[in-house]
>>> print(open('entry_16.cif').read())   # mmCIF, C-alpha atoms and all ligand atoms
data_work
loop_
_atom_site.label_atom_id
_atom_site.label_comp_id
_atom_site.auth_asym_id
_atom_site.auth_seq_id
_atom_site.Cartn_x
_atom_site.Cartn_y
_atom_site.Cartn_z
CA MET G 109 -15.40 -23.62 47.87
CA ASP G 110 -11.84 -22.34 48.33
CA HIS G 111 -12.46 -18.96 49.95
CA ASN G 112 -9.44 -17.56 48.08
CA LYS G 113 -11.47 -17.87 44.90
CA LEU G 114 -13.80 -15.28 46.37
CA ALA G 115 -11.03 -12.70 46.11
CA LEU G 116 -8.69 -13.61 43.26
CA PRO G 117 -5.38 -11.69 43.34
CA VAL G 118 -5.36 -8.63 41.07
CA GLY G 119 -1.76 -9.26 40.00
CA THR G 120 1.57 -7.44 40.22
CA THR G 121 1.47 -3.67 39.93
CA LEU G 122 4.11 -1.81 37.94
CA ASP G 123 5.40 -0.22 41.14
CA ARG G 124 5.90 -3.57 42.86
CA PHE G 125 7.52 -5.04 39.75
CA ILE G 126 9.97 -2.13 39.47
CA MET G 127 10.94 -2.48 43.11
CA ARG G 128 11.46 -6.24 42.79
CA LYS G 129 13.57 -5.81 39.63
CA GLN G 130 15.58 -2.93 41.03
CA GLU G 131 18.32 -5.29 42.20
CA ASP G 132 18.80 -6.46 38.57
CA PHE G 133 19.88 -2.99 37.60
CA PRO G 134 23.56 -2.00 38.00
CA TYR G 135 22.61 1.48 39.17
CA ALA G 136 20.15 0.08 41.73
CA THR G 137 19.88 3.33 43.64
CA GLY G 138 16.18 3.76 43.04
CA GLU G 139 16.58 6.74 40.71
CA LEU G 140 15.75 4.82 37.55
CA SER G 141 12.84 3.20 39.36
CA GLN G 142 11.53 6.65 40.22
CA LEU G 143 12.03 7.79 36.61
CA LEU G 144 9.97 4.87 35.30
CA ARG G 145 7.23 5.77 37.79
CA ASP G 146 7.28 9.37 36.57
CA ILE G 147 6.76 8.17 32.99
CA ALA G 148 3.93 5.86 34.08
CA LEU G 149 2.21 8.75 35.88
CA ALA G 150 2.34 10.96 32.78
CA ALA G 151 1.06 8.04 30.68
CA LYS G 152 -1.99 7.69 32.96
CA ILE G 153 -2.78 11.40 32.58
CA VAL G 154 -2.29 11.37 28.79
CA ASN G 155 -4.41 8.22 28.57
CA ARG G 156 -7.26 10.00 30.34
CA GLU G 157 -7.03 12.97 28.00
CA ILE G 158 -6.91 10.82 24.87
CA ASN G 159 -9.99 8.92 26.03
CA ARG G 160 -11.89 12.18 26.56
CA SER G 161 -10.59 13.97 23.45
CA GLY G 162 -13.88 13.54 21.62
CA LEU G 163 -15.77 15.08 24.55
CA ILE G 164 -13.68 18.13 25.40
CA ASP G 165 -12.09 20.54 22.99
CA ILE G 166 -8.64 18.92 22.75
CA ALA G 167 -9.05 16.96 19.54
CA GLY G 168 -7.89 18.22 16.19
CA ALA G 169 -5.05 20.40 15.00
CA TYR G 170 -3.32 22.89 17.29
CA GLY G 171 -2.59 25.27 14.46
CA ASN G 172 1.22 25.06 14.62
CA ARG G 173 3.85 22.96 12.90
CA ASN G 174 6.52 21.29 15.00
CA VAL G 175 10.23 21.24 14.32
CA GLN G 176 9.56 18.38 11.93
CA GLY G 177 7.28 20.61 9.89
CA GLU G 178 4.42 18.28 10.82
CA GLU G 179 1.05 19.72 11.81
CA GLN G 180 0.80 19.56 15.61
CA GLN G 181 -2.38 18.12 17.08
CA LYS G 182 -3.64 19.64 20.33
CA LEU G 183 -2.90 16.34 22.05
CA ASP G 184 0.71 16.43 20.78
CA VAL G 185 1.18 19.67 22.71
CA ILE G 186 -0.69 18.40 25.77
CA ALA G 187 1.25 15.11 25.89
CA ASN G 188 4.54 16.99 25.51
CA ILE G 189 3.65 19.25 28.44
CA ARG G 190 2.54 16.29 30.60
CA PHE G 191 5.69 14.20 30.06
CA ILE G 192 8.11 17.11 30.42
CA ARG G 193 6.35 18.26 33.62
CA ALA G 194 6.38 14.73 35.11
CA LEU G 195 10.08 14.27 34.31
CA ARG G 196 10.96 17.75 35.61
CA ASN G 197 9.02 17.29 38.85
CA GLY G 198 10.41 13.76 39.36
CA GLY G 199 13.89 15.24 39.67
CA GLU G 200 15.86 12.37 38.09
CA VAL G 201 16.21 13.82 34.56
CA CYS G 202 18.56 16.69 33.72
CA THR G 203 17.76 17.04 30.00
CA ILE G 204 15.05 15.92 27.57
CA ILE G 205 14.96 15.58 23.77
CA SER G 206 11.41 15.72 22.44
CA GLU G 207 9.98 15.40 18.95
CA GLU G 208 7.94 18.51 19.76
CA ASP G 209 10.91 20.75 20.64
CA GLU G 210 13.79 21.73 18.37
CA GLU G 211 16.29 22.31 21.18
CA MET G 212 17.26 20.23 24.23
CA ILE G 213 14.94 20.87 27.18
CA GLN G 214 16.83 21.61 30.39
CA THR G 215 14.71 20.58 33.38
CA GLY G 216 16.73 22.49 35.99
CA ASN G 217 17.52 19.20 37.75
CA CYS G 218 21.32 19.61 37.58
CA GLN G 219 21.77 16.68 39.96
CA GLY G 220 19.67 14.47 37.67
CA LYS G 221 21.67 11.52 36.31
CA TYR G 222 19.47 10.72 33.33
CA VAL G 223 18.58 12.02 29.88
CA VAL G 224 15.28 11.10 28.22
CA ALA G 225 14.53 11.10 24.49
CA ILE G 226 10.79 11.01 23.87
CA ASP G 227 8.12 11.09 21.20
CA PRO G 228 5.27 12.15 23.51
CA LEU G 229 2.47 11.14 21.15
CA ASP G 230 3.38 9.28 17.96
CA GLY G 231 0.74 8.83 15.28
CA SER G 232 -1.40 11.61 16.72
CA SER G 233 -3.04 12.34 13.36
CA ASN G 234 -4.93 9.09 14.04
CA ILE G 235 -6.59 10.40 17.22
CA ASP G 236 -9.66 11.85 15.50
CA VAL G 237 -10.42 8.50 13.85
CA ASN G 238 -9.91 6.49 17.04
CA VAL G 239 -6.87 4.54 15.89
CA SER G 240 -4.31 3.38 18.48
CA ILE G 241 -1.43 5.81 19.09
CA GLY G 242 1.62 5.75 21.34
CA THR G 243 4.38 7.32 23.40
CA ILE G 244 7.97 6.17 22.76
CA PHE G 245 10.91 6.84 25.12
CA SER G 246 14.61 6.10 25.62
CA ILE G 247 16.57 6.65 28.83
CA TYR G 248 20.34 7.29 28.99
CA ARG G 249 22.77 7.97 31.84
CA ARG G 250 24.31 11.42 31.46
CA ILE G 251 28.03 11.45 30.54
CA SER G 252 28.76 14.91 31.98
CA ALA G 253 29.22 15.42 35.72
CA THR G 254 26.17 16.29 37.78
CA GLY G 255 25.87 19.82 39.07
CA CYS G 256 25.31 21.43 35.70
CA GLU G 257 22.91 21.26 32.78
CA GLY G 258 22.98 18.25 30.48
CA THR G 259 25.08 18.60 27.32
CA LEU G 260 24.61 17.75 23.65
CA GLU G 261 27.06 14.88 24.20
CA ASP G 262 24.76 13.56 26.94
CA CYS G 263 21.91 13.56 24.41
CA LEU G 264 23.67 12.24 21.31
CA GLN G 265 24.58 8.78 22.57
CA THR G 266 24.25 5.66 20.42
CA GLY G 267 21.33 3.38 21.14
CA THR G 268 23.65 0.79 22.70
CA HIS G 269 24.01 3.19 25.65
CA GLN G 270 20.31 3.16 26.53
CA VAL G 271 19.72 2.02 30.12
CA ALA G 272 15.98 1.65 29.54
CA ALA G 273 13.41 2.11 26.77
CA GLY G 274 9.72 1.64 26.34
CA TYR G 275 6.46 2.63 24.78
CA VAL G 276 2.87 3.21 25.81
CA ILE G 277 0.15 2.08 23.41
CA TYR G 278 -3.19 3.85 23.85
CA GLY G 279 -5.36 1.25 22.16
CA SER G 280 -8.28 -1.08 22.91
CA SER G 281 -6.45 -1.27 26.20
CA THR G 282 -3.59 0.94 27.31
CA MET G 283 -0.28 -0.82 27.86
CA LEU G 284 3.19 0.16 29.01
CA VAL G 285 5.95 -2.07 27.56
CA TYR G 286 9.55 -1.49 28.66
CA THR G 287 13.00 -2.97 29.10
CA THR G 288 15.98 -2.13 31.31
CA GLY G 289 18.14 -4.64 29.46
CA ASN G 290 16.82 -7.68 31.33
CA GLY G 291 14.02 -8.75 28.98
CA VAL G 292 10.77 -7.03 28.01
CA ASN G 293 7.66 -6.84 30.18
CA GLY G 294 4.18 -5.51 29.39
CA PHE G 295 1.72 -3.90 31.82
CA THR G 296 -1.96 -3.30 31.14
CA TYR G 297 -3.68 -0.27 32.64
CA GLU G 298 -6.72 -0.86 34.85
CA PRO G 299 -8.40 2.58 34.86
CA SER G 300 -10.82 1.69 37.65
CA LEU G 301 -7.82 1.22 39.95
CA GLY G 302 -5.48 3.69 38.25
CA GLU G 303 -2.74 1.07 38.11
CA PHE G 304 -0.67 -0.75 35.49
CA PHE G 305 -0.66 -4.53 36.15
CA LEU G 306 1.86 -7.06 34.79
CA SER G 307 -0.01 -8.76 31.94
CA HIS G 308 2.77 -9.79 29.48
CA PRO G 309 5.80 -11.05 31.46
CA GLN G 310 9.07 -11.67 29.58
CA ILE G 311 7.78 -10.91 26.06
CA THR G 312 9.68 -12.71 23.29
CA THR G 313 9.02 -12.05 19.61
CA PRO G 314 8.71 -14.97 17.12
CA LYS G 315 11.92 -15.57 15.14
CA SER G 316 9.88 -15.43 11.93
CA GLY G 317 6.42 -14.46 10.78
CA ALA G 318 4.16 -13.73 7.83
CA ILE G 319 3.22 -10.08 8.35
CA TYR G 320 4.88 -7.14 6.62
CA SER G 321 4.08 -3.54 7.52
CA VAL G 322 5.03 -0.88 4.98
CA ASN G 323 3.22 2.01 3.28
CA GLU G 324 2.95 0.62 -0.24
CA GLY G 325 1.46 3.93 -1.32
CA SER G 326 5.09 5.07 -1.52
CA SER G 327 6.17 2.09 -3.64
CA GLU G 328 6.80 4.34 -6.66
CA HIS G 329 9.64 5.82 -4.59
CA PHE G 330 11.06 2.55 -3.26
CA SER G 331 14.60 1.45 -4.11
CA GLU G 332 15.15 -1.68 -6.19
CA GLY G 333 15.96 -3.70 -3.08
CA MET G 334 12.75 -2.64 -1.33
CA THR G 335 10.67 -3.32 -4.45
CA ALA G 336 12.21 -6.79 -4.71
CA TYR G 337 11.63 -7.52 -1.03
CA ILE G 338 7.95 -6.50 -1.16
CA ALA G 339 7.53 -8.79 -4.19
CA TYR G 340 9.15 -11.59 -2.15
CA CYS G 341 6.64 -11.02 0.69
CA LYS G 342 3.74 -11.28 -1.77
CA GLN G 343 5.17 -14.39 -3.44
CA ASN G 344 5.32 -15.97 0.03
CA ASN G 345 1.72 -15.00 0.83
CA TYR G 346 2.58 -12.72 3.73
CA SER G 347 -0.26 -10.57 5.10
CA ALA G 348 0.05 -6.80 4.62
CA ARG G 349 -0.81 -5.02 7.85
CA TYR G 350 -0.14 -1.26 8.02
CA ILE G 351 -2.04 0.83 10.58
CA GLY G 352 0.00 3.98 9.94
CA SER G 353 0.72 4.26 13.66
CA LEU G 354 4.23 3.04 14.45
CA VAL G 355 3.60 1.86 18.01
CA ALA G 356 0.47 -0.07 16.98
CA ASP G 357 2.21 -1.75 14.03
CA PHE G 358 5.31 -2.49 16.13
CA HIS G 359 3.32 -3.90 19.08
CA ARG G 360 1.31 -6.29 16.87
CA ASN G 361 4.46 -7.54 15.13
CA LEU G 362 6.29 -7.89 18.47
CA LEU G 363 3.61 -10.26 19.78
CA LYS G 364 2.70 -12.09 16.55
CA GLY G 365 5.89 -11.93 14.49
CA GLY G 366 6.40 -9.72 11.47
CA ILE G 367 8.47 -6.90 10.03
CA TYR G 368 7.82 -3.14 9.98
CA ILE G 369 9.72 -1.11 7.40
CA TYR G 370 9.92 2.62 6.92
CA PRO G 371 12.61 2.73 4.21
CA ALA G 372 14.67 5.46 2.65
CA THR G 373 12.77 6.58 -0.46
CA LYS G 374 13.49 9.02 -3.28
CA LYS G 375 10.98 11.36 -1.54
CA ALA G 376 12.51 10.81 1.93
CA PRO G 377 16.17 9.80 1.42
CA GLN G 378 16.72 9.46 5.20
CA GLY G 379 13.36 7.78 5.78
CA LYS G 380 10.78 9.48 8.04
CA LEU G 381 11.29 8.08 11.52
CA ARG G 382 13.57 9.64 14.12
CA LEU G 383 16.62 7.78 15.39
CA MET G 384 16.80 9.21 18.93
CA TYR G 385 13.18 8.96 20.11
CA GLU G 386 11.55 6.39 17.82
CA CYS G 387 14.01 3.93 16.25
CA ASN G 388 16.45 3.40 19.12
CA ALA G 389 13.81 2.74 21.78
CA LEU G 390 11.98 0.15 19.66
CA ALA G 391 15.30 -1.37 18.60
CA PHE G 392 16.31 -1.91 22.25
CA ILE G 393 12.97 -3.53 22.98
CA VAL G 394 12.93 -5.78 19.92
CA GLU G 395 16.49 -6.99 20.55
CA GLN G 396 15.67 -7.72 24.19
CA ALA G 397 12.67 -9.73 22.91
CA GLY G 398 14.90 -11.72 20.50
CA GLY G 399 14.24 -9.71 17.34
CA LYS G 400 16.36 -7.40 15.16
CA SER G 401 16.49 -3.77 14.03
CA SER G 402 18.57 -1.99 11.40
CA ASN G 403 18.44 0.75 8.78
CA GLY G 404 18.56 -2.00 6.16
CA ARG G 405 22.31 -2.44 6.58
CA THR G 406 23.56 -1.16 9.96
CA ARG G 407 22.24 -2.17 13.38
CA THR G 408 19.95 0.65 14.52
CA MET G 409 21.53 0.93 17.97
CA GLU G 410 25.01 1.35 16.47
CA GLN G 411 24.08 4.27 14.25
CA GLU G 412 26.00 7.37 15.33
CA PRO G 413 23.65 10.32 15.89
CA VAL G 414 24.73 13.70 14.55
CA GLY G 415 21.67 15.79 15.38
CA LEU G 416 18.85 15.55 17.95
CA HIS G 417 16.28 14.94 15.18
CA ASP G 418 18.22 12.63 12.86
CA ARG G 419 16.02 10.52 10.66
CA SER G 420 16.82 6.89 9.83
CA PRO G 421 15.30 4.10 7.76
CA LEU G 422 13.88 1.39 10.03
CA PHE G 423 13.69 -2.37 9.38
CA ILE G 424 12.46 -3.91 12.64
CA GLY G 425 10.84 -7.13 13.85
CA SER G 426 11.40 -10.88 13.62
CA THR G 427 15.06 -11.69 13.08
CA GLU G 428 14.58 -13.98 10.07
CA LEU G 429 12.39 -11.42 8.29
CA VAL G 430 14.81 -8.55 8.91
CA ASN G 431 17.72 -10.73 7.73
CA LYS G 432 15.87 -11.54 4.50
CA ALA G 433 15.02 -7.87 3.89
CA GLU G 434 18.69 -6.95 4.47
CA GLU G 435 19.70 -9.56 1.86
CA PHE G 436 17.56 -7.75 -0.72
CA MET G 437 18.91 -4.36 0.36
CA ALA G 438 22.50 -5.64 0.17
CA LYS G 439 21.98 -6.39 -3.52
CA GLU G 440 21.84 -2.68 -4.19
CA HIS G 441 23.82 0.27 -2.89
CA ALA G 442 21.37 1.14 -0.09
CA PRO G 443 21.43 4.89 0.72
CA GLU G 444 23.29 5.57 3.96
CA ALA G 445 21.06 6.97 6.72
CA THR G 446 22.18 10.57 7.20
CA THR G 447 20.97 13.41 9.35
CA ALA G 448 17.82 15.38 8.62
P1 LIG G 501 3.26 7.37 6.43
C1 LIG G 501 3.07 8.76 12.26
O1 LIG G 501 3.18 10.07 11.71
C2 LIG G 501 4.38 8.06 11.96
O2 LIG G 501 5.43 8.75 12.52
C3 LIG G 501 4.33 6.63 12.47
O3 LIG G 501 3.55 6.49 13.60
C4 LIG G 501 3.75 5.88 11.29
O4 LIG G 501 4.19 4.52 11.24
C5 LIG G 501 4.30 6.65 10.10
O5 LIG G 501 4.53 7.98 10.54
C6 LIG G 501 3.30 6.69 8.95
O6 LIG G 501 3.91 7.43 7.92
O7 LIG G 501 4.26 8.14 5.57
O8 LIG G 501 3.19 5.90 6.07
O9 LIG G 501 1.92 8.01 6.55
#
>>> encode(input="entry_16.cif", output="structure tokens")
Amino acid sequence: MDHNKLALPVGTTLDRFIMRKQEDFPYATGELSQLLRDIALAAKIVNREINRSGLIDIAGAYGNRNVQGEEQQKLDVIANIRFIRALRNGGEVCTIISEEDEEMIQTGNCQGKYVVAIDPLDGSSNIDVNVSIGTIFSIYRRISATGCEGTLEDCLQTGTHQVAAGYVIYGSSTMLVYTTGNGVNGFTYEPSLGEFFLSHPQITTPKSGAIYSVNEGSSEHFSEGMTAYIAYCKQNNYSARYIGSLVADFHRNLLKGGIYIYPATKKAPQGKLRLMYECNALAFIVEQAGGKSSNGRTRTMEQEPVGLHDRSPLFIGSTELVNKAEEFMAKEHAPEATTA
């Protein structure tokens, strides 16, 4: 027997992958690499707390509402603390935008060259029923000179200026999926070793598919174009798959092909999802994987942010499906995505 089979290789760790890929990155000074490690560390800690939430008193509502007016779960607050602390202690980030904080968060790292926009725990209302949830993040280079706090201009950059973006899905397994603009790679967490291992190298999303993800409970409030597109999906025997957890729906469609839509509705004229720390990150990833993302008319990553918590409609997934949806939306005067 080949003795190597006695000790099969465990694979490439995230750390080793980041170091190998560092040369691909124009700012290969190791700072972005360190930043990605800081995010991975926080993800490991949050993963542990999510997995124990039924056993220790951190499940359920926190008793506050965040800047979005949404009821904060205890784990929303915990995840926010964990990611902010990891980014502050890592030293590479000068300023953070978080779904859980109305204002910019200054880390005190005035020499930090990066800004991070983050949704620390998206879909957290699903925690108590054991549905997959996620963390979503975007990374930008600051525009202002180092030596001072980050500015609003540093934070309100269009998605095309992202230098990296990713998400963590806390599901049947925990995965970190990210891009630095050179393709998309997925890493699966091995808790017994405390490491993320490369499990999905160079992810590409199918050009088409037969899955549509939308909350049809809101269909009474859909525009004519959306109503027509949903009818088209049904006429073509697409499967409806809507988990109600953005990262879980996005991740499935990324791997299998499909389209996720959170449209503008009469109830929510700007849609529900946030441009800076939900839409842009997933748009960067899907484009790097060969897919497409828009607000139904305009490319997501070209939408000009006005406020830290701008909302935007999101049409994201397989290119052919997004194109078809945009055809239906073009037949009506689709509401422009505006700020919250
Ligand atoms: P609705 C969770 O609150 C979230 O931000 C996404 O994770 C999810 O896709 C969406 O909202 C669900 O919203 O209005 O369909 O319940």
>>> residues_near_ligand(input="entry_16.cif", ligand="ligand LIG 501 (chain G)", cutoff="10 Å", atoms="all atoms listed in the file", output="number ranges by chain")
G: 178-179, 227, 229-234, 240-243, 321-326, 350-358, 368-370, 376, 379-382, 386
>>> closest_atom_pairs(input="entry_16.cif", of="region 334-431 of chain G", to="region 290-295 of chain G", cutoff="12 Å", atoms="only C-alpha atoms", output="CSV")
residue,atom,partner,partner_atom,distance
G:His359,CA,G:Gly294,CA,10.5
G:Leu362,CA,G:Val292,CA,10.6
G:Leu363,CA,G:Gly294,CA,10.7
G:Ala389,CA,G:Val292,CA,12.0
G:Leu390,CA,G:Val292,CA,11.1
G:Ala391,CA,G:Val292,CA,11.9
G:Phe392,CA,G:Val292,CA,9.5
G:Ile393,CA,G:Val292,CA,6.5
G:Val394,CA,G:Val292,CA,8.5
G:Glu395,CA,G:Gly291,CA,9.0
G:Gln396,CA,G:Gly291,CA,5.2
G:Ala397,CA,G:Val292,CA,6.1
G:Gly398,CA,G:Gly291,CA,9.0
G:Gly399,CA,G:Val292,CA,11.5
>>> closest_residue(input="entry_16.cif", among="G:Ser281, G:Asn345, G:Thr215, G:Thr335", to="Leu195 (chain G)", atoms="all atoms listed in the file")
G:Thr215
>>> atom_distance(input="entry_16.cif", atom1="CA of Leu114 (chain G)", atom2="CA of Pro299 (chain G)")
21.9 Å
>>> residues_around(input="entry_16.cif", residues="Met283 (chain G)", least_positions_apart="4", cutoff="7 Å", atoms="only C-alpha atoms", output="PyMOL selection string")
chain G and resi 276-278+294-297
>>> atom_distance(input="entry_16.cif", atom1="CA of Asn388 (chain G)", atom2="CA of Ala225 (chain G)")
9.6 Å
